[in-house]
file target.cif (mmCIF, C-alpha atoms)
data_entry
loop_
_atom_site.label_atom_id
_atom_site.label_comp_id
_atom_site.auth_asym_id
_atom_site.auth_seq_id
_atom_site.Cartn_x
_atom_site.Cartn_y
_atom_site.Cartn_z
CA MET A 26 -38.24 -314.50 -184.74
CA TYR A 27 -40.46 -313.74 -181.78
CA THR A 28 -39.99 -310.27 -180.31
CA LYS A 29 -42.13 -308.71 -177.64
CA LYS A 30 -41.30 -305.24 -176.40
CA LEU A 31 -42.38 -303.53 -173.23
CA GLY A 32 -41.79 -299.85 -173.92
CA VAL A 33 -38.16 -299.78 -175.04
CA LEU A 34 -37.22 -302.96 -173.15
CA ASP A 35 -37.11 -306.12 -175.26
CA ILE A 36 -38.32 -308.94 -173.00
CA SER A 37 -38.15 -311.77 -175.54
CA PHE A 38 -35.01 -313.07 -173.80
CA LEU A 39 -37.32 -314.20 -170.96
CA LYS A 40 -39.27 -316.56 -173.20
CA PRO A 41 -38.56 -320.23 -172.42
CA THR A 42 -38.03 -322.80 -175.14
CA PHE A 43 -41.27 -324.53 -174.09
CA PHE A 44 -43.98 -324.21 -171.46
CA PHE A 45 -45.85 -327.06 -169.76
CA ASN A 46 -48.32 -327.20 -166.89
CA VAL A 47 -46.28 -329.61 -164.72
CA ILE A 48 -43.05 -331.53 -165.20
CA GLU A 49 -44.85 -334.85 -165.72
CA ASP A 50 -46.56 -333.38 -168.81
CA ILE A 51 -43.22 -333.03 -170.61
CA PRO A 52 -42.92 -335.91 -173.10
CA VAL A 53 -39.58 -337.69 -172.88
CA GLU A 54 -39.77 -337.95 -176.68
CA LEU A 55 -39.55 -334.15 -176.83
CA LEU A 56 -36.25 -334.28 -174.91
CA GLN A 57 -34.97 -336.82 -177.42
CA GLU A 58 -36.08 -334.67 -180.37
CA MET A 59 -34.28 -331.71 -178.78
CA ARG A 60 -31.12 -333.90 -178.48
CA ILE A 61 -30.99 -333.27 -174.75
CA LYS A 62 -28.26 -335.15 -172.88
CA VAL A 63 -28.59 -333.43 -169.48
CA VAL A 64 -31.66 -332.09 -167.65
CA PHE A 65 -31.13 -329.67 -164.77
CA LEU A 66 -34.19 -329.64 -162.52
CA ASP A 67 -35.26 -326.92 -160.13
CA VAL A 68 -36.57 -328.24 -156.81
CA ASP A 69 -38.93 -325.76 -155.10
CA GLY A 70 -42.27 -325.54 -156.85
CA THR A 71 -41.10 -327.86 -159.64
CA LEU A 72 -40.32 -331.18 -157.91
CA ALA A 73 -41.59 -330.50 -154.38
CA LYS A 74 -43.29 -327.87 -152.28
CA GLN A 75 -41.13 -325.17 -150.72
CA ASP A 76 -39.37 -326.57 -147.62
CA SER A 77 -40.63 -330.12 -148.28
CA ALA A 78 -38.45 -333.14 -149.02
CA ILE A 79 -41.40 -335.07 -150.43
CA PRO A 80 -41.59 -334.92 -154.25
CA PHE A 81 -44.92 -334.39 -155.96
CA LYS A 82 -46.81 -337.47 -157.09
CA ASP A 83 -45.59 -338.93 -160.42
CA VAL A 84 -42.36 -336.87 -160.45
CA LYS A 85 -40.21 -339.90 -159.63
CA ASP A 86 -41.81 -341.90 -162.48
CA TRP A 87 -41.02 -339.08 -164.92
CA ILE A 88 -37.40 -338.87 -163.75
CA VAL A 89 -37.01 -342.65 -164.08
CA LYS A 90 -38.31 -342.43 -167.68
CA VAL A 91 -35.76 -339.70 -168.44
CA LEU A 92 -32.91 -341.68 -166.89
CA ASN A 93 -33.99 -344.82 -168.79
CA GLU A 94 -33.47 -342.88 -172.02
CA LYS A 95 -29.82 -342.26 -170.98
CA ILE A 96 -30.48 -338.58 -170.29
CA GLU A 97 -28.63 -337.40 -167.20
CA VAL A 98 -30.52 -335.54 -164.47
CA VAL A 99 -29.01 -333.03 -162.03
CA LEU A 100 -30.95 -331.11 -159.38
CA LEU A 101 -30.10 -327.40 -159.51
CA SER A 102 -31.46 -325.44 -156.57
CA ASN A 103 -30.90 -322.15 -154.80
CA ASN A 104 -31.93 -323.93 -151.59
CA PHE A 105 -29.66 -325.28 -148.85
CA SER A 106 -27.74 -328.51 -149.37
CA GLY A 107 -29.35 -330.73 -146.72
CA ARG A 108 -32.82 -330.61 -148.21
CA VAL A 109 -31.66 -330.76 -151.83
CA LYS A 110 -29.43 -333.77 -151.03
CA THR A 111 -32.37 -335.57 -149.41
CA ILE A 112 -34.44 -335.17 -152.58
CA ALA A 113 -31.51 -336.00 -154.88
CA ASP A 114 -30.88 -339.21 -152.92
CA LYS A 115 -34.50 -340.26 -153.47
CA PHE A 116 -33.89 -340.06 -157.21
CA GLY A 117 -30.28 -341.26 -157.17
CA VAL A 118 -29.05 -338.18 -159.03
CA PRO A 119 -26.36 -335.56 -158.37
CA PHE A 120 -27.27 -332.09 -157.15
CA VAL A 121 -26.07 -328.52 -156.88
CA SER A 122 -27.34 -326.46 -153.95
CA PHE A 123 -26.90 -322.71 -153.45
CA ALA A 124 -26.86 -322.55 -157.26
CA GLU A 125 -27.19 -318.75 -157.30
CA LYS A 126 -29.60 -318.83 -160.23
CA PRO A 127 -30.02 -316.91 -162.49
CA LEU A 128 -26.23 -316.71 -162.57
CA PRO A 129 -25.04 -319.54 -164.83
CA PHE A 130 -21.70 -320.32 -163.19
CA LYS A 131 -22.72 -323.26 -161.00
CA ALA A 132 -24.88 -324.78 -163.72
CA LEU A 133 -21.94 -324.61 -166.13
CA ARG A 134 -19.56 -326.00 -163.51
CA ALA A 135 -21.97 -328.87 -162.84
CA LYS A 136 -22.21 -329.54 -166.57
CA ASN A 137 -18.44 -329.84 -166.78
CA ARG A 138 -17.75 -331.68 -163.49
CA LEU A 139 -20.80 -333.70 -162.43
CA VAL A 140 -22.12 -334.75 -165.78
CA GLU A 141 -20.62 -337.89 -167.28
CA SER A 142 -21.53 -337.03 -170.87
CA LYS A 143 -19.65 -333.68 -170.85
CA ALA A 144 -22.52 -332.37 -172.94
CA LYS A 145 -22.38 -329.08 -174.76
CA SER A 146 -24.63 -326.34 -173.42
CA GLU A 147 -26.97 -326.61 -176.40
CA ASN A 148 -27.65 -330.24 -175.38
CA CYS A 149 -28.64 -329.22 -171.86
CA LEU A 150 -32.04 -328.20 -170.56
CA ILE A 151 -33.14 -326.39 -167.41
CA ILE A 152 -36.65 -327.08 -166.15
CA GLY A 153 -38.14 -324.85 -163.48
CA ASP A 154 -41.07 -322.75 -162.38
CA GLN A 155 -39.62 -319.23 -162.45
CA LEU A 156 -38.77 -316.91 -165.32
CA PHE A 157 -36.30 -314.81 -163.35
CA THR A 158 -34.23 -317.68 -161.96
CA ASP A 159 -34.63 -320.87 -163.98
CA VAL A 160 -35.32 -319.55 -167.48
CA LEU A 161 -32.76 -316.74 -167.16
CA CYS A 162 -30.13 -319.19 -165.88
CA GLY A 163 -30.77 -321.30 -168.97
CA LYS A 164 -30.45 -318.28 -171.24
CA PHE A 165 -27.25 -317.09 -169.58
CA ALA A 166 -25.76 -320.61 -169.80
CA ASN A 167 -26.84 -321.00 -173.47
CA MET A 168 -29.11 -323.91 -172.49
CA LYS A 169 -32.68 -324.61 -173.50
CA SER A 170 -35.38 -324.07 -170.89
CA ILE A 171 -38.82 -325.37 -170.05
CA LEU A 172 -41.04 -323.34 -167.75
CA VAL A 173 -43.68 -325.15 -165.70
CA ASN A 174 -46.30 -323.74 -163.38
CA SER A 175 -45.26 -323.47 -159.76
CA ARG A 176 -46.93 -326.06 -157.57
CA SER A 177 -45.89 -324.46 -154.32
CA ASP A 178 -47.42 -321.58 -152.46
CA ASN A 179 -44.56 -319.80 -150.76
CA PRO A 180 -45.70 -318.34 -147.42
CA TYR A 181 -43.12 -315.54 -147.47
CA ASN A 182 -44.52 -312.06 -148.08
CA PHE A 183 -41.99 -311.03 -150.74
CA SER A 184 -43.06 -313.90 -152.99
CA PHE A 185 -46.46 -312.31 -153.60
CA ILE A 186 -44.84 -309.31 -155.25
CA ARG A 187 -42.38 -311.50 -157.19
CA LYS A 188 -45.24 -313.69 -158.41
CA GLN A 189 -47.24 -310.66 -159.54
CA ILE A 190 -44.27 -309.33 -161.51
CA GLU A 191 -43.67 -312.74 -163.05
CA MET A 192 -47.35 -313.08 -164.02
CA PHE A 193 -47.18 -309.66 -165.69
CA PHE A 194 -44.20 -310.77 -167.80
CA ARG A 195 -45.81 -314.14 -168.56
CA SER A 196 -48.87 -312.31 -169.88
CA LYS A 197 -46.70 -310.05 -172.08
CA LEU A 198 -44.87 -313.13 -173.42
CA LYS A 199 -48.20 -314.91 -173.90
CA ILE A 200 -47.23 -317.72 -171.55
CA SER A 201 -50.51 -318.78 -170.06
CA ARG A 202 -50.96 -320.09 -166.57
CA VAL A 203 -53.17 -323.11 -166.84
CA LYS A 204 -54.97 -324.75 -163.96
CA ILE A 205 -52.80 -327.20 -162.08
CA ARG A 206 -54.18 -330.64 -161.39
CA ARG A 207 -53.80 -331.66 -157.75
#
call {"tool": "encode", "arguments": {"input": "target.cif", "output": "C-alpha cells"}}
result
Amino acid sequence: MYTKKLGVLDISFLKPTFFFNVIEDIPVELLQEMRIKVVFLDVDGTLAKQDSAIPFKDVKDWIVKVLNEKIEVVLLSNNFSGRVKTIADKFGVPFVSFAEKPLPFKALRAKNRLVESKAKSENCLIIGDQLFTDVLCGKFANMKSILVNSRSDNPYNFSFIRKQIEMFFRSKLKISRVKIRR
C-alpha cells in the first residue's frame, strides 16, 4: 500500500485513484474496467475556464462517449447554479451547484436522488482538478477519483497561494504536472 508521510502527517489520503493531463485523455474503457456507473464532473478548470460557460474543446465529445456507454454523468460544482445549469444543459446532464466540496453530502445526495442507476459509492467516480476539493470529496464519499490538470487560470489572488500549496502536495505524492495542450 502506498504511504507518503510529511513529518507525522500521513498525506496518502490525498492521492487520487488516477491522474491524467486533461479529461479527454481518460479512456472510457478505463471507466468500464473500474465498473463505474456514475461520473461526477467538476466544472471550473476541468470542463471550462473559471466564470466561462463555454466548455473546452473536445470535452463534449468525451462526455457523449461516456453517456453512450450507459455511464451517467452529473456536474458537481461549488459554483453558482445559473452558470452550472447553462453548462449542464449543453451536455443534457443533471447538475449540483453550491456542492460544498470537499464535504461529501451533496455528492451523496445527488447519487441517491438524481442518479437513475442508484449506484453504490464504489461505482462512482469524481473527476476534477483540485486535490483539496474534488479528490477529498471523492475520498469522503468513498468514491474513486481522477485528478486532471487545471486548465483555468483563476485571476483571484488567493488562488496563487492555494495552487502553490496544492503543487507542494502533488510533488510529495509524486503526481506530476504535465504540460497542457492548448
call {"tool": "atom_distance", "arguments": {"input": "target.cif", "atom1": "CA of Phe45 (chain A)", "atom2": "CA of Arg134 (chain A)"}}
result
27.0 Å
call {"tool": "residues_around", "arguments": {"input": "target.cif", "residues": "Ile151 (chain A)", "least_positions_apart": "4", "cutoff": "9 Å", "atoms": "all atoms listed in the file", "output": "number ranges by chain"}}
result
A: 63-67, 101, 159-160, 162-163, 168-172
call {"tool": "atom_distance", "arguments": {"input": "target.cif", "atom1": "CA of Asn174 (chain A)", "atom2": "CA of Val47 (chain A)"}}
result
6.0 Å
call {"tool": "residues_around", "arguments": {"input": "target.cif", "residues": "Phe130 (chain A)", "least_positions_apart": "4", "cutoff": "10 Å", "atoms": "all atoms listed in the file", "output": "MDAnalysis selection string"}}
result
chainID A and resid 124:126 134:136 162 165:166
call {"tool": "closest_residue", "arguments": {"input": "target.cif", "among": "A:Arg187, A:Ala113, A:Leu133, A:Lys82", "to": "Lys145 (chain A)", "atoms": "only C-alpha atoms"}}
result
A:Leu133
call {"tool": "residues_around", "arguments": {"input": "target.cif", "residues": "Ala144 (chain A)", "least_positions_apart": "5", "cutoff": "10 Å", "atoms": "all atoms listed in the file", "output": "PDB file with C-alpha atoms, in the frame of the given file"}}
result
ATOM      1  CA  ILE A  61     -30.990-333.270-174.750  1.00  0.00           C
ATOM      2  CA  LYS A  62     -28.260-335.150-172.880  1.00  0.00           C
ATOM      3  CA  VAL A  63     -28.590-333.430-169.480  1.00  0.00           C
ATOM      4  CA  GLU A  97     -28.630-337.400-167.200  1.00  0.00           C
ATOM      5  CA  LYS A 136     -22.210-329.540-166.570  1.00  0.00           C
ATOM      6  CA  ASN A 137     -18.440-329.840-166.780  1.00  0.00           C
ATOM      7  CA  CYS A 149     -28.640-329.220-171.860  1.00  0.00           C
TER       8      CYS A 149
END
call {"tool": "axis_aligned_box", "arguments": {"input": "target.cif", "around": "region 117-122 of chain A", "padding_each_side": "4 Å", "output": "AutoDock Vina command-line options"}}
result
--center_x -28.2 --center_y -333.9 --center_z -156.5 --size_x 12.2 --size_y 22.8 --size_z 13.1
call {"tool": "closest_residue", "arguments": {"input": "target.cif", "among": "A:Ile112, A:Leu55, A:Ile48, A:Val98", "to": "Val84 (chain A)", "atoms": "all atoms listed in the file"}}
result
A:Ile48
call {"tool": "atom_distance", "arguments": {"input": "target.cif", "atom1": "CA of Thr71 (chain A)", "atom2": "CA of Val173 (chain A)"}}
result
7.1 Å
call {"tool": "residues_around", "arguments": {"input": "target.cif", "residues": "Glu191 (chain A)", "least_positions_apart": "2", "cutoff": "12 Å", "atoms": "only C-alpha atoms", "output": "ChimeraX atom specification"}}
result
/A:36,39-40,154-158,160,172,174-175,184-189,193-202
call {"tool": "residues_near_point", "arguments": {"input": "target.cif", "point": "(-33.3, -334.2, -148.9)", "cutoff": "12 Å", "atoms": "all atoms listed in the file", "output": "number ranges by chain"}}
result
A: 68-69, 72-73, 76-80, 100, 102, 104-120, 122
call {"tool": "closest_residue", "arguments": {"input": "target.cif", "among": "A:Asn148, A:Pro127, A:Ser142, A:Phe44", "to": "Leu161 (chain A)", "atoms": "all atoms listed in the file"}}
result
A:Pro127
call {"tool": "decode", "arguments": {"input": "target.cif", "residues": "region 63-86 of chain A", "atoms": "N, CA, C and O atoms", "output": "tab-separated table (two decimals), in the first residue's frame"}}
result
chain	number	residue	atom	x	y	z
A	63	VAL	N	-21.50	5.99	-12.51
A	63	VAL	CA	-21.78	7.43	-12.43
A	63	VAL	C	-20.46	8.20	-12.36
A	63	VAL	O	-19.60	7.86	-11.55
A	64	VAL	N	-20.35	9.25	-13.19
A	64	VAL	CA	-19.20	10.13	-13.16
A	64	VAL	C	-19.69	11.51	-12.73
A	64	VAL	O	-20.58	12.09	-13.36
A	65	PHE	N	-19.12	12.02	-11.64
A	65	PHE	CA	-19.37	13.38	-11.18
A	65	PHE	C	-18.23	14.24	-11.71
A	65	PHE	O	-17.06	13.94	-11.45
A	66	LEU	N	-18.57	15.29	-12.44
A	66	LEU	CA	-17.56	16.14	-13.06
A	66	LEU	C	-17.53	17.52	-12.44
A	66	LEU	O	-18.56	18.20	-12.33
A	67	ASP	N	-16.35	17.94	-12.05
A	67	ASP	CA	-16.12	19.32	-11.63
A	67	ASP	C	-16.24	20.21	-12.87
A	67	ASP	O	-16.04	19.74	-13.99
A	68	VAL	N	-16.55	21.47	-12.69
A	68	VAL	CA	-16.73	22.38	-13.82
A	68	VAL	C	-15.49	23.27	-14.02
A	68	VAL	O	-14.81	23.19	-15.03
A	69	ASP	N	-15.20	24.14	-13.04
A	69	ASP	CA	-14.14	25.13	-13.20
A	69	ASP	C	-12.76	24.50	-13.30
A	69	ASP	O	-12.33	23.80	-12.39
A	70	GLY	N	-12.09	24.75	-14.41
A	70	GLY	CA	-10.75	24.23	-14.61
A	70	GLY	C	-10.72	22.82	-15.17
A	70	GLY	O	-9.70	22.36	-15.65
A	71	THR	N	-11.86	22.12	-15.10
A	71	THR	CA	-11.95	20.75	-15.60
A	71	THR	C	-12.71	20.72	-16.93
A	71	THR	O	-12.22	20.18	-17.92
A	72	LEU	N	-13.89	21.32	-16.95
A	72	LEU	CA	-14.72	21.35	-18.16
A	72	LEU	C	-14.66	22.70	-18.88
A	72	LEU	O	-14.87	22.76	-20.09
A	73	ALA	N	-14.45	23.76	-18.12
A	73	ALA	CA	-14.46	25.12	-18.68
A	73	ALA	C	-13.58	26.02	-17.83
A	73	ALA	O	-13.26	25.69	-16.69
A	74	LYS	N	-13.22	27.16	-18.40
A	74	LYS	CA	-12.46	28.14	-17.63
A	74	LYS	C	-13.35	28.71	-16.54
A	74	LYS	O	-14.57	28.73	-16.65
A	75	GLN	N	-12.71	29.20	-15.48
A	75	GLN	CA	-13.42	29.87	-14.40
A	75	GLN	C	-14.29	30.98	-14.98
A	75	GLN	O	-13.84	31.76	-15.80
A	76	ASP	N	-15.54	31.02	-14.57
A	76	ASP	CA	-16.51	32.06	-14.99
A	76	ASP	C	-16.85	32.02	-16.47
A	76	ASP	O	-17.36	33.00	-17.00
A	77	SER	N	-16.60	30.91	-17.15
A	77	SER	CA	-16.98	30.76	-18.55
A	77	SER	C	-18.03	29.66	-18.67
A	77	SER	O	-17.96	28.66	-17.97
A	78	ALA	N	-18.98	29.85	-19.57
A	78	ALA	CA	-19.98	28.83	-19.83
A	78	ALA	C	-19.66	28.07	-21.11
A	78	ALA	O	-20.49	27.30	-21.61
A	79	ILE	N	-18.47	28.28	-21.63
A	79	ILE	CA	-18.05	27.60	-22.86
A	79	ILE	C	-17.09	26.47	-22.49
A	79	ILE	O	-15.98	26.71	-22.01
A	80	PRO	N	-17.51	25.22	-22.71
A	80	PRO	CA	-16.63	24.08	-22.39
A	80	PRO	C	-15.37	24.07	-23.27
A	80	PRO	O	-15.38	24.59	-24.39
A	81	PHE	N	-14.33	23.46	-22.76
A	81	PHE	CA	-13.11	23.30	-23.54
A	81	PHE	C	-13.39	22.41	-24.75
A	81	PHE	O	-14.28	21.56	-24.73
A	82	LYS	N	-12.58	22.60	-25.78
A	82	LYS	CA	-12.69	21.81	-26.99
A	82	LYS	C	-12.56	20.32	-26.66
A	82	LYS	O	-11.76	19.94	-25.82
A	83	ASP	N	-13.35	19.50	-27.28
A	83	ASP	CA	-13.34	18.04	-27.18
A	83	ASP	C	-13.98	17.50	-25.89
A	83	ASP	O	-14.14	16.30	-25.76
A	84	VAL	N	-14.36	18.36	-24.95
A	84	VAL	CA	-14.99	17.88	-23.72
A	84	VAL	C	-16.36	17.26	-24.03
A	84	VAL	O	-16.68	16.20	-23.52
A	85	LYS	N	-17.13	17.94	-24.88
A	85	LYS	CA	-18.47	17.42	-25.20
A	85	LYS	C	-18.36	16.03	-25.85
A	85	LYS	O	-19.13	15.13	-25.52
A	86	ASP	N	-17.41	15.84	-26.75
A	86	ASP	CA	-17.23	14.54	-27.40
A	86	ASP	C	-16.93	13.46	-26.37
A	86	ASP	O	-17.44	12.34	-26.46
